[in-house]
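File shown: run_6.txt (compact mmCIF, C-alpha atoms).
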```
# COMPACT_ATOMS: atom_id res chain seq x y z
CA MET A 18 83.88 54.37 61.62
CA ILE A 19 84.58 52.98 65.09
CA GLU A 20 84.17 49.48 63.73
CA PHE A 21 86.60 50.29 60.95
CA ILE A 22 89.34 51.61 63.25
CA SER A 23 88.75 48.79 65.72
CA GLN A 24 90.05 46.29 63.19
CA PRO A 25 93.81 45.85 62.79
CA TRP A 26 95.30 48.50 60.54
CA THR A 27 96.84 47.59 57.22
CA TRP A 28 100.60 47.87 56.79
CA TRP A 29 100.54 50.88 54.50
CA VAL A 30 98.40 52.93 56.88
CA SER A 31 100.94 52.21 59.59
CA GLY A 32 103.85 53.05 57.25
CA ILE A 33 102.31 56.39 56.29
CA ILE A 34 101.68 57.36 59.92
CA ILE A 35 105.20 56.37 60.99
CA ALA A 36 106.74 58.44 58.16
CA SER A 37 104.43 61.34 59.12
CA THR A 38 105.57 61.06 62.73
CA MET A 39 109.17 61.32 61.59
CA PHE A 40 108.45 64.39 59.45
CA LEU A 41 106.47 66.13 62.16
CA LEU A 42 109.31 65.56 64.63
CA LEU A 43 111.71 67.09 62.07
CA TYR A 44 109.31 69.99 61.58
CA PHE A 45 109.24 70.48 65.35
CA GLY A 46 113.04 70.72 65.30
CA GLN A 47 113.76 67.24 66.66
CA SER A 48 114.38 63.81 65.19
CA PHE A 49 112.79 60.38 65.42
CA GLY A 50 114.87 58.07 67.60
CA PHE A 51 113.26 56.28 70.50
CA SER A 52 116.17 54.48 72.16
CA SER A 53 117.83 57.81 73.04
CA ASN A 54 115.26 57.88 75.83
CA LEU A 55 117.07 55.00 77.54
CA ARG A 56 120.24 57.08 77.76
CA THR A 57 118.25 60.12 78.87
CA ILE A 58 116.65 58.10 81.68
CA CYS A 59 120.10 56.91 82.84
CA SER A 60 121.22 60.52 82.91
CA ALA A 61 118.09 61.83 84.63
CA ALA A 62 118.52 59.14 87.29
CA GLY A 63 121.94 60.57 88.11
CA GLY A 64 124.10 58.23 86.03
CA GLY A 65 126.26 61.16 84.94
CA LYS A 66 127.86 61.27 88.38
CA PHE A 67 129.36 57.82 87.79
CA VAL A 68 129.62 57.38 84.04
CA LYS A 69 130.74 60.14 81.69
CA PHE A 70 128.48 58.88 78.86
CA PHE A 71 125.47 59.96 80.91
CA ASP A 72 126.87 63.36 81.85
CA PHE A 73 124.93 65.61 79.48
CA ASN A 74 122.04 68.04 79.64
CA TRP A 75 119.26 65.47 79.65
CA ARG A 76 116.64 68.21 79.98
CA SER A 77 117.23 69.02 76.32
CA GLN A 78 115.72 65.60 75.63
CA LEU A 79 112.58 66.13 77.68
CA TRP A 80 110.51 66.36 74.49
CA ASN A 81 111.43 62.72 73.71
CA LEU A 82 110.42 61.58 77.20
CA VAL A 83 107.09 63.30 76.64
CA PHE A 84 106.84 61.40 73.33
CA LEU A 85 107.50 58.20 75.35
CA VAL A 86 104.70 59.04 77.78
CA GLY A 87 102.46 59.59 74.74
CA ALA A 88 103.41 56.14 73.40
CA ILE A 89 102.29 54.55 76.68
CA LEU A 90 99.06 56.53 76.48
CA GLY A 91 98.61 55.44 72.86
CA GLY A 92 98.90 51.79 73.85
CA PHE A 93 96.31 52.36 76.55
CA ILE A 94 93.89 54.13 74.19
CA ALA A 95 94.35 51.44 71.53
CA LYS A 96 93.44 48.73 74.03
CA GLN A 97 90.59 50.50 75.81
CA PHE A 98 88.83 52.26 72.97
CA LEU A 99 90.05 51.03 69.59
CA SER A 100 90.41 47.28 69.97
CA ASP A 101 88.08 44.49 68.98
CA GLY A 102 90.15 42.04 71.03
CA ALA A 103 90.86 39.75 68.10
CA PRO A 104 94.10 37.73 68.28
CA VAL A 105 97.02 38.86 66.11
CA ALA A 106 96.43 37.50 62.62
CA ILE A 107 99.84 35.98 61.90
CA SER A 108 100.44 33.48 59.12
CA GLU A 109 99.63 29.78 59.50
CA ASN A 110 103.26 28.92 58.84
CA THR A 111 104.41 31.00 61.79
CA ILE A 112 101.76 29.43 64.01
CA SER A 113 102.89 25.91 63.13
CA ASP A 114 106.61 26.79 63.50
CA LEU A 115 105.97 28.29 66.92
CA ALA A 116 103.86 25.29 67.95
CA LYS A 117 106.94 23.13 67.43
CA LEU A 118 108.70 25.32 70.02
CA GLY A 119 105.80 24.93 72.43
CA ILE A 120 104.34 28.39 71.88
CA SER A 121 100.60 28.26 71.26
CA ALA A 122 98.71 30.19 68.61
CA PRO A 123 97.82 33.82 69.41
CA THR A 124 94.83 34.46 71.65
CA SER A 125 95.72 38.15 72.00
CA ALA A 126 98.67 40.31 70.98
CA GLN A 127 101.36 38.50 72.97
CA PRO A 128 102.15 34.85 73.75
CA ASN A 129 101.10 33.72 77.22
CA GLU A 130 104.19 31.53 77.38
CA LEU A 131 106.33 34.68 77.59
CA PHE A 132 104.23 37.53 78.92
CA SER A 133 101.76 36.04 81.39
CA MET A 134 102.34 36.68 85.10
CA GLU A 135 103.10 32.95 85.56
CA ALA A 136 105.89 33.26 83.00
CA LEU A 137 107.23 36.43 84.60
CA PHE A 138 107.48 34.78 88.01
CA SER A 139 109.28 31.68 86.73
CA LEU A 140 113.07 31.80 86.63
CA LYS A 141 113.29 30.96 82.93
CA GLY A 142 110.51 33.35 82.00
CA PHE A 143 112.09 36.19 83.95
CA LEU A 144 115.53 35.55 82.44
CA ILE A 145 114.08 35.63 78.90
CA LEU A 146 112.46 39.02 79.47
CA ALA A 147 115.45 40.44 81.34
CA LEU A 148 118.02 39.23 78.83
CA GLY A 149 115.91 40.36 75.88
CA GLY A 150 115.62 43.85 77.33
CA LEU A 151 119.29 43.96 78.29
CA MET A 152 120.42 43.15 74.75
CA VAL A 153 118.02 45.66 73.20
CA GLY A 154 119.26 48.40 75.52
CA PHE A 155 122.94 47.56 75.17
CA GLY A 156 122.81 46.92 71.44
CA SER A 157 120.79 49.98 70.51
CA ARG A 158 123.22 52.34 72.23
CA TYR A 159 126.27 50.46 70.91
CA ALA A 160 124.83 50.70 67.39
CA GLY A 161 123.79 54.31 68.02
CA GLY A 162 120.09 53.74 67.42
CA CYS A 163 117.20 51.34 67.21
CA THR A 164 114.50 50.63 64.67
CA SER A 165 113.28 54.24 64.62
CA GLY A 166 116.71 55.89 64.55
CA HIS A 167 118.38 53.55 62.07
CA ALA A 168 115.76 51.58 60.12
CA ILE A 169 113.38 54.55 59.66
CA SER A 170 115.30 57.84 60.11
CA GLY A 171 118.71 56.59 58.99
CA LEU A 172 117.58 54.63 55.95
CA SER A 173 115.33 57.54 54.89
CA ASP A 174 118.47 59.69 54.86
CA LEU A 175 120.26 56.92 52.89
CA GLN A 176 122.89 56.53 55.61
CA LEU A 177 125.25 53.61 55.06
CA PRO A 178 125.89 53.16 58.83
CA SER A 179 122.16 52.68 59.31
CA LEU A 180 122.06 50.03 56.60
CA ILE A 181 124.92 48.20 58.35
CA ALA A 182 123.03 48.46 61.66
CA VAL A 183 119.84 47.09 60.08
CA ILE A 184 121.83 44.20 58.59
CA GLY A 185 123.10 43.61 62.15
CA PHE A 186 119.51 43.68 63.48
CA PHE A 187 118.71 40.86 61.06
CA ILE A 188 121.86 38.85 61.76
CA GLY A 189 120.94 38.94 65.46
CA GLY A 190 117.25 38.31 64.87
CA LEU A 191 117.85 35.35 62.58
CA LEU A 192 120.46 33.88 64.94
CA MET A 193 118.00 34.12 67.82
CA THR A 194 115.06 32.76 65.82
CA PHE A 195 116.71 29.86 64.03
CA VAL A 196 119.69 28.91 66.21
CA LEU A 197 118.92 29.93 69.79
CA PHE A 198 115.12 29.52 69.99
CA PRO A 199 115.30 25.72 69.58
CA LEU A 200 117.76 25.67 72.50
CA ILE A 201 115.78 28.06 74.70
CA PHE A 202 112.23 26.77 74.17
CA MET B 17 102.49 73.65 76.73
CA LYS B 18 105.30 73.46 74.21
CA PHE B 19 105.49 69.74 74.92
CA ILE B 20 101.87 68.97 74.12
CA LYS B 21 102.62 68.36 70.44
CA PHE B 22 105.14 65.68 71.39
CA LEU B 23 102.58 64.06 73.66
CA VAL B 24 100.08 63.99 70.79
CA LEU B 25 102.66 62.59 68.35
CA GLY B 26 103.76 59.95 70.86
CA THR B 27 100.14 58.97 71.41
CA LEU B 28 99.58 58.63 67.68
CA PHE B 29 102.74 56.53 67.43
CA GLY B 30 101.56 54.29 70.29
CA ILE B 31 98.14 53.81 68.74
CA VAL B 32 99.59 52.91 65.34
CA MET B 33 102.13 50.47 66.82
CA ALA B 34 99.31 48.68 68.62
CA LYS B 35 96.70 48.90 65.87
CA SER B 36 99.05 47.65 63.14
CA GLU B 37 100.18 44.86 65.50
CA ALA B 38 103.84 45.91 65.11
CA PHE B 39 104.12 45.78 68.91
CA SER B 40 103.40 42.05 68.94
CA TRP B 41 106.06 39.41 69.61
CA PHE B 42 104.18 37.21 67.11
CA ARG B 43 104.59 39.78 64.32
CA ILE B 44 108.33 40.07 64.97
CA GLN B 45 108.66 36.27 64.81
CA GLU B 46 106.70 36.22 61.57
CA MET B 47 109.06 38.88 60.20
CA PHE B 48 112.26 37.05 61.15
CA ARG B 49 110.83 33.87 59.64
CA PHE B 50 109.97 35.73 56.41
CA GLN B 51 106.44 34.36 56.54
CA ALA B 52 104.47 37.51 55.87
CA PHE B 53 104.84 40.84 54.17
CA HIS B 54 103.22 42.78 57.02
CA MET B 55 106.25 44.14 58.92
CA TYR B 56 108.23 44.66 55.71
CA GLY B 57 105.26 46.57 54.34
CA ILE B 58 105.15 48.84 57.40
CA ILE B 59 108.88 49.57 57.51
CA GLY B 60 109.18 49.65 53.69
CA THR B 61 106.35 52.17 53.28
CA ALA B 62 107.82 54.37 56.03
CA VAL B 63 111.31 54.26 54.50
CA ILE B 64 110.19 54.92 50.91
CA LEU B 65 108.03 57.89 51.97
CA GLY B 66 110.77 58.95 54.37
CA ALA B 67 113.45 58.90 51.68
CA ILE B 68 111.29 60.95 49.28
CA GLY B 69 110.47 63.45 52.02
CA VAL B 70 114.04 63.81 53.25
CA ALA B 71 115.24 64.37 49.66
CA LEU B 72 112.58 67.08 49.21
CA ILE B 73 113.50 68.74 52.52
CA LYS B 74 117.14 68.87 51.39
CA LYS B 75 116.35 70.02 47.85
CA TYR B 76 114.00 72.83 48.87
CA GLN B 77 115.87 73.57 52.13
CA ILE B 78 112.66 73.38 54.10
CA ARG B 79 112.77 74.98 57.53
CA ASP B 80 111.31 73.81 60.79
CA ILE B 81 108.56 75.46 62.84
CA ALA B 82 111.05 77.88 64.42
CA GLY B 83 112.43 78.89 61.02
CA ASN B 84 115.70 76.98 61.44
CA PRO B 85 117.02 74.83 58.61
CA ILE B 86 116.29 71.12 59.02
CA ASN B 87 119.72 69.52 59.16
CA PHE B 88 120.64 65.89 58.71
CA PHE B 89 123.88 64.88 60.37
CA PRO B 90 125.79 62.04 58.72
CA LYS B 91 126.41 59.26 61.24
CA GLU B 92 130.06 58.62 62.01
CA LYS B 93 131.67 56.21 59.57
CA SER B 94 132.38 52.81 60.99
CA VAL B 95 131.41 49.21 60.50
CA MET B 96 132.17 47.47 63.79
CA ARG B 97 129.87 49.37 66.12
CA TYR B 98 126.90 49.15 63.78
CA LEU B 99 127.41 45.50 62.96
CA ILE B 100 128.15 44.24 66.49
CA GLY B 101 125.75 46.61 68.25
CA GLY B 102 123.09 45.89 65.65
CA THR B 103 123.53 42.14 66.07
CA ILE B 104 123.18 42.37 69.86
CA PHE B 105 120.09 44.52 69.37
CA GLY B 106 118.64 41.99 66.93
CA LEU B 107 119.17 39.13 69.38
CA GLY B 108 117.22 41.05 71.99
CA TRP B 109 114.56 42.21 69.51
CA ALA B 110 113.75 38.64 68.46
CA LEU B 111 113.83 37.33 72.04
CA SER B 112 111.63 39.99 73.64
CA GLY B 113 109.67 40.72 70.47
CA ALA B 114 109.93 44.44 71.01
CA CYS B 115 112.25 47.31 70.28
CA PRO B 116 112.26 50.24 72.75
CA GLY B 117 109.19 52.09 71.37
CA PRO B 118 106.85 49.09 71.24
CA MET B 119 108.01 48.08 74.75
CA VAL B 120 106.31 51.07 76.31
CA VAL B 121 103.30 50.74 74.00
CA ASN B 122 102.89 47.23 75.42
CA ILE B 123 103.01 48.60 78.96
CA GLY B 124 100.20 51.02 78.15
CA TYR B 125 98.27 48.21 76.47
CA GLY B 126 98.38 46.29 79.74
CA TYR B 127 101.25 43.84 79.21
CA LEU B 128 102.91 44.70 82.49
CA SER B 129 105.69 42.11 82.01
CA MET B 130 107.12 44.56 79.50
CA ILE B 131 108.05 46.81 82.43
CA VAL B 132 110.72 44.22 83.24
CA VAL B 133 111.94 44.23 79.64
CA PHE B 134 112.05 48.02 79.59
CA VAL B 135 113.85 48.32 82.94
CA PHE B 136 116.48 45.87 81.72
CA ALA B 137 116.80 47.83 78.49
CA ILE B 138 117.74 50.82 80.67
CA VAL B 139 120.20 48.61 82.56
CA GLY B 140 121.65 47.46 79.22
CA THR B 141 122.14 51.05 78.12
CA TYR B 142 123.82 51.82 81.46
CA LEU B 143 126.14 48.83 81.03
CA TYR B 144 127.08 50.10 77.60
CA GLY B 145 127.91 53.49 79.10
CA ILE B 146 130.25 51.83 81.61
CA ILE B 147 132.23 49.66 79.19
CA LYS B 148 131.87 51.85 76.09
CA ASP B 149 135.55 52.80 75.90
CA LYS B 150 136.69 49.18 76.00
CA LEU B 151 134.52 48.18 73.01
CA PRO B 152 135.53 48.35 69.35
CA HIS B 153 133.70 51.17 67.59
```
Entire entry expressed as structure tokens:
Amino acid sequence: MIEFISQPWTWWVSGIIIASTMFLLLYFGQSFGFSSNLRTICSAAGGGKFVKFFDFNWRSQLWNLVFLVGAILGGFIAKQFLSDGAPVAISENTISDLAKLGISAPTSAQPNELFSMEALFSLKGFLILALGGLMVGFGSRYAGGCTSGHAISGLSDLQLPSLIAVIGFFIGGLLMTFVLFPLIF
Amino acid sequence: MKFIKFLVLGTLFGIVMAKSEAFSWFRIQEMFRFQAFHMYGIIGTAVILGAIGVALIKKYQIRDIAGNPINFFPKEKSVMRYLIGGTIFGLGWALSGACPGPMVVNIGYGYLSMIVVFVFAIVGTYLYGIIKDKLPH
């Protein structure tokens, strides 16, 4: 059993659990949308005193912050107790495409070229992480949601705005991957 | 105590993000390069099951744990905010290899560089709050 769950989980297992998470959140009277936490944190930190967008009763969103803490805990449990330490099994084509950009094949879950401490403490490495985060945070609130809020919750409710947002996610992702990556790396 | 169920759900979510490798920069690259079914399988399965479930909740007017109706609020109609905001999000998603949920899963997993990504995601949200009214929506 332990050996079985230590291996990477198949896509459909993941899909079922994500859908179940969404339904349980609905059953608990809430909804699945992770990036709202970013706004809640801005508000909890006192942002409402300066910017009206953050002036709301953030305590009503405490449940989602608790969900966030759980997600951190889940990552920790996955690593400590449920992992066999094998590198991410991505396709050979991706490995050879990334090699052309100077990013070596996976040895764990994340590329050393981006997430090692050496990368973090280089100017370029820091800027990549900072800019990536900045765009995710800005874009998710501008679009009114992220992958969970739009791609999962919104599409499940057949919302046209969510479909437009997901199309935007892909326009941005493809632009970054095929146009900007060769310039950055 | 009323929060414990959200802690458990969040933990389950974190475990599944890590165990299905959806929290990996490599998997996001593979997705944007259309070189594997994996991420499409995860999101596709979730959306198909989600759509069936949401339709059933609406049809049978299923109530939540407190006995209140489960409501779905239509998102405000617009194109600009979703398209531009979505594109900016996508640029960041491909660059950092993580959307907000997987960012914190990575932190728990031990990728402490993701703290920087997450902090800047908060800064990005704050920036949006400041210039929100000047942007097309």
Within 12 Å of range 33-37 of chain B, which residues of range 64-116 of chain B come that close, and what is the closest atom pair and distance in Å for each? Count all atoms listed in the file and give it as JSON lines.
```
{"residue": "B:Gly113", "atom": "CA", "partner": "B:Glu37", "partner_atom": "CA", "distance": 11.5}
{"residue": "B:Ala114", "atom": "CA", "partner": "B:Met33", "partner_atom": "CA", "distance": 10.7}
{"residue": "B:Cys115", "atom": "CA", "partner": "B:Met33", "partner_atom": "CA", "distance": 11.2}
{"residue": "B:Pro116", "atom": "CA", "partner": "B:Met33", "partner_atom": "CA", "distance": 11.7}
```
Please determine, counting all atoms listed in the file, which residue among A:Leu131, A:Ala61, A:Ala147, A:Ile201 has the shortest atom-to-atom distance to chain B.
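Using all atoms listed in the file, chain B sits closest to A:Ala147.
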Could you please determine the separation between CA of Lys18 in chain B and CA of Phe45 in chain A in Å, to one decimal place?
10.1 Å
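Comparing the minimum interatomic distances between Trp28 in chain A and each of B:Leu143, B:Leu107, B:Ala38, B:Ile73, counting all atoms listed in the file, we find that B:Ala38 sits nearest.
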Interatomic distance, CA of Phe105 in chain B to CA of Cys59 in chain A (Å, one decimal):
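CA of Cys59 in chain A lies 18.3 Å from CA of Phe105 in chain B.
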Please, what distance in Å, to one decimal, runs between CA of Ser94 in chain B and CA of Ala67 in chain B?
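Result for CA of Ser94 in chain B versus CA of Ala67 in chain B: 22.0 Å, one decimal.
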Which one is closest to chain B: A:Gly142, A:Gly46, A:Gly102, A:Pro199? Count only C-alpha atoms.
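Among the listed residues, the smallest separation from chain B belongs to A:Gly46.
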Go through A:Phe67, A:Arg76, A:Ala182, A:Asn54 one by one, measure the shortest atom-to-atom distance of each to chain B using only C-alpha atoms, and give the residue with the smallest value.
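Ranking A:Phe67, A:Arg76, A:Ala182, A:Asn54 by distance to chain B, first place goes to A:Ala182.
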Judged by only C-alpha atoms, the minimum distance to Val135 in chain B among A:Ala116, A:Gly65, A:Phe21, A:Met152 is found for A:Met152
Extract, using all atoms listed in the file, all DNA, RNA and protein residues at most 12 Å from Val63 in chain B, discarding same-chain residues fewer than 3 positions from it, and format them as a PDB file with C-alpha atoms, in the frame of the given file.
```
ATOM      1  CA  TRP A  29     100.540  50.880  54.500  1.00  0.00           C
ATOM      2  CA  SER A  31     100.940  52.210  59.590  1.00  0.00           C
ATOM      3  CA  GLY A  32     103.850  53.050  57.250  1.00  0.00           C
ATOM      4  CA  ILE A  33     102.310  56.390  56.290  1.00  0.00           C
ATOM      5  CA  ILE A  34     101.680  57.360  59.920  1.00  0.00           C
ATOM      6  CA  ILE A  35     105.200  56.370  60.990  1.00  0.00           C
ATOM      7  CA  ALA A  36     106.740  58.440  58.160  1.00  0.00           C
ATOM      8  CA  SER A  37     104.430  61.340  59.120  1.00  0.00           C
ATOM      9  CA  MET A  39     109.170  61.320  61.590  1.00  0.00           C
ATOM     10  CA  PHE A  40     108.450  64.390  59.450  1.00  0.00           C
ATOM     11  CA  THR A 164     114.500  50.630  64.670  1.00  0.00           C
ATOM     12  CA  SER A 165     113.280  54.240  64.620  1.00  0.00           C
ATOM     13  CA  GLY A 166     116.710  55.890  64.550  1.00  0.00           C
ATOM     14  CA  HIS A 167     118.380  53.550  62.070  1.00  0.00           C
ATOM     15  CA  ALA A 168     115.760  51.580  60.120  1.00  0.00           C
ATOM     16  CA  ILE A 169     113.380  54.550  59.660  1.00  0.00           C
ATOM     17  CA  SER A 170     115.300  57.840  60.110  1.00  0.00           C
ATOM     18  CA  GLY A 171     118.710  56.590  58.990  1.00  0.00           C
ATOM     19  CA  LEU A 172     117.580  54.630  55.950  1.00  0.00           C
ATOM     20  CA  SER A 173     115.330  57.540  54.890  1.00  0.00           C
ATOM     21  CA  ASP A 174     118.470  59.690  54.860  1.00  0.00           C
ATOM     22  CA  LEU A 175     120.260  56.920  52.890  1.00  0.00           C
ATOM     23  CA  GLN A 176     122.890  56.530  55.610  1.00  0.00           C
ATOM     24  CA  SER A 179     122.160  52.680  59.310  1.00  0.00           C
ATOM     25  CA  LEU A 180     122.060  50.030  56.600  1.00  0.00           C
TER      26      LEU A 180
ATOM     27  CA  TYR B  56     108.230  44.660  55.710  1.00  0.00           C
ATOM     28  CA  GLY B  57     105.260  46.570  54.340  1.00  0.00           C
ATOM     29  CA  ILE B  58     105.150  48.840  57.400  1.00  0.00           C
ATOM     30  CA  ILE B  59     108.880  49.570  57.510  1.00  0.00           C
ATOM     31  CA  GLY B  60     109.180  49.650  53.690  1.00  0.00           C
ATOM     32  CA  GLY B  66     110.770  58.950  54.370  1.00  0.00           C
ATOM     33  CA  ALA B  67     113.450  58.900  51.680  1.00  0.00           C
ATOM     34  CA  ILE B  68     111.290  60.950  49.280  1.00  0.00           C
ATOM     35  CA  GLY B  69     110.470  63.450  52.020  1.00  0.00           C
ATOM     36  CA  VAL B  70     114.040  63.810  53.250  1.00  0.00           C
ATOM     37  CA  ALA B  71     115.240  64.370  49.660  1.00  0.00           C
TER      38      ALA B  71
END
```
Between B:Ala52, B:Leu65, B:Leu99, B:Leu25, which one has atoms that come closest to Leu177 in chain A, using all atoms listed in the file?
B:Leu99
Residues within 9 Å of Phe70 in chain A, please, as a compact mmCIF listing (two decimals) with C-alpha atoms, in the frame of the given file. Count only C-alpha atoms; anything in the same chain fewer than 4 positions from it doesn't count.
```txt
# COMPACT_ATOMS: atom_id res chain seq x y z
CA ARG A 56 120.24 57.08 77.76
CA SER A 60 121.22 60.52 82.91
CA GLY A 64 124.10 58.23 86.03
CA GLY A 65 126.26 61.16 84.94
CA TYR B 142 123.82 51.82 81.46
CA TYR B 144 127.08 50.10 77.60
CA GLY B 145 127.91 53.49 79.10
CA ILE B 146 130.25 51.83 81.61
CA LYS B 148 131.87 51.85 76.09
```
For range 105-107 of chain A, list every protein, DNA or RNA residue within 9 Å, evaluated using all atoms listed in the file, and leave out those in the same chain fewer than 5 positions away; present the list as a ChimeraX atom specification.
/A:25,112,122-127 /B:37,40,42-43,46,51-52
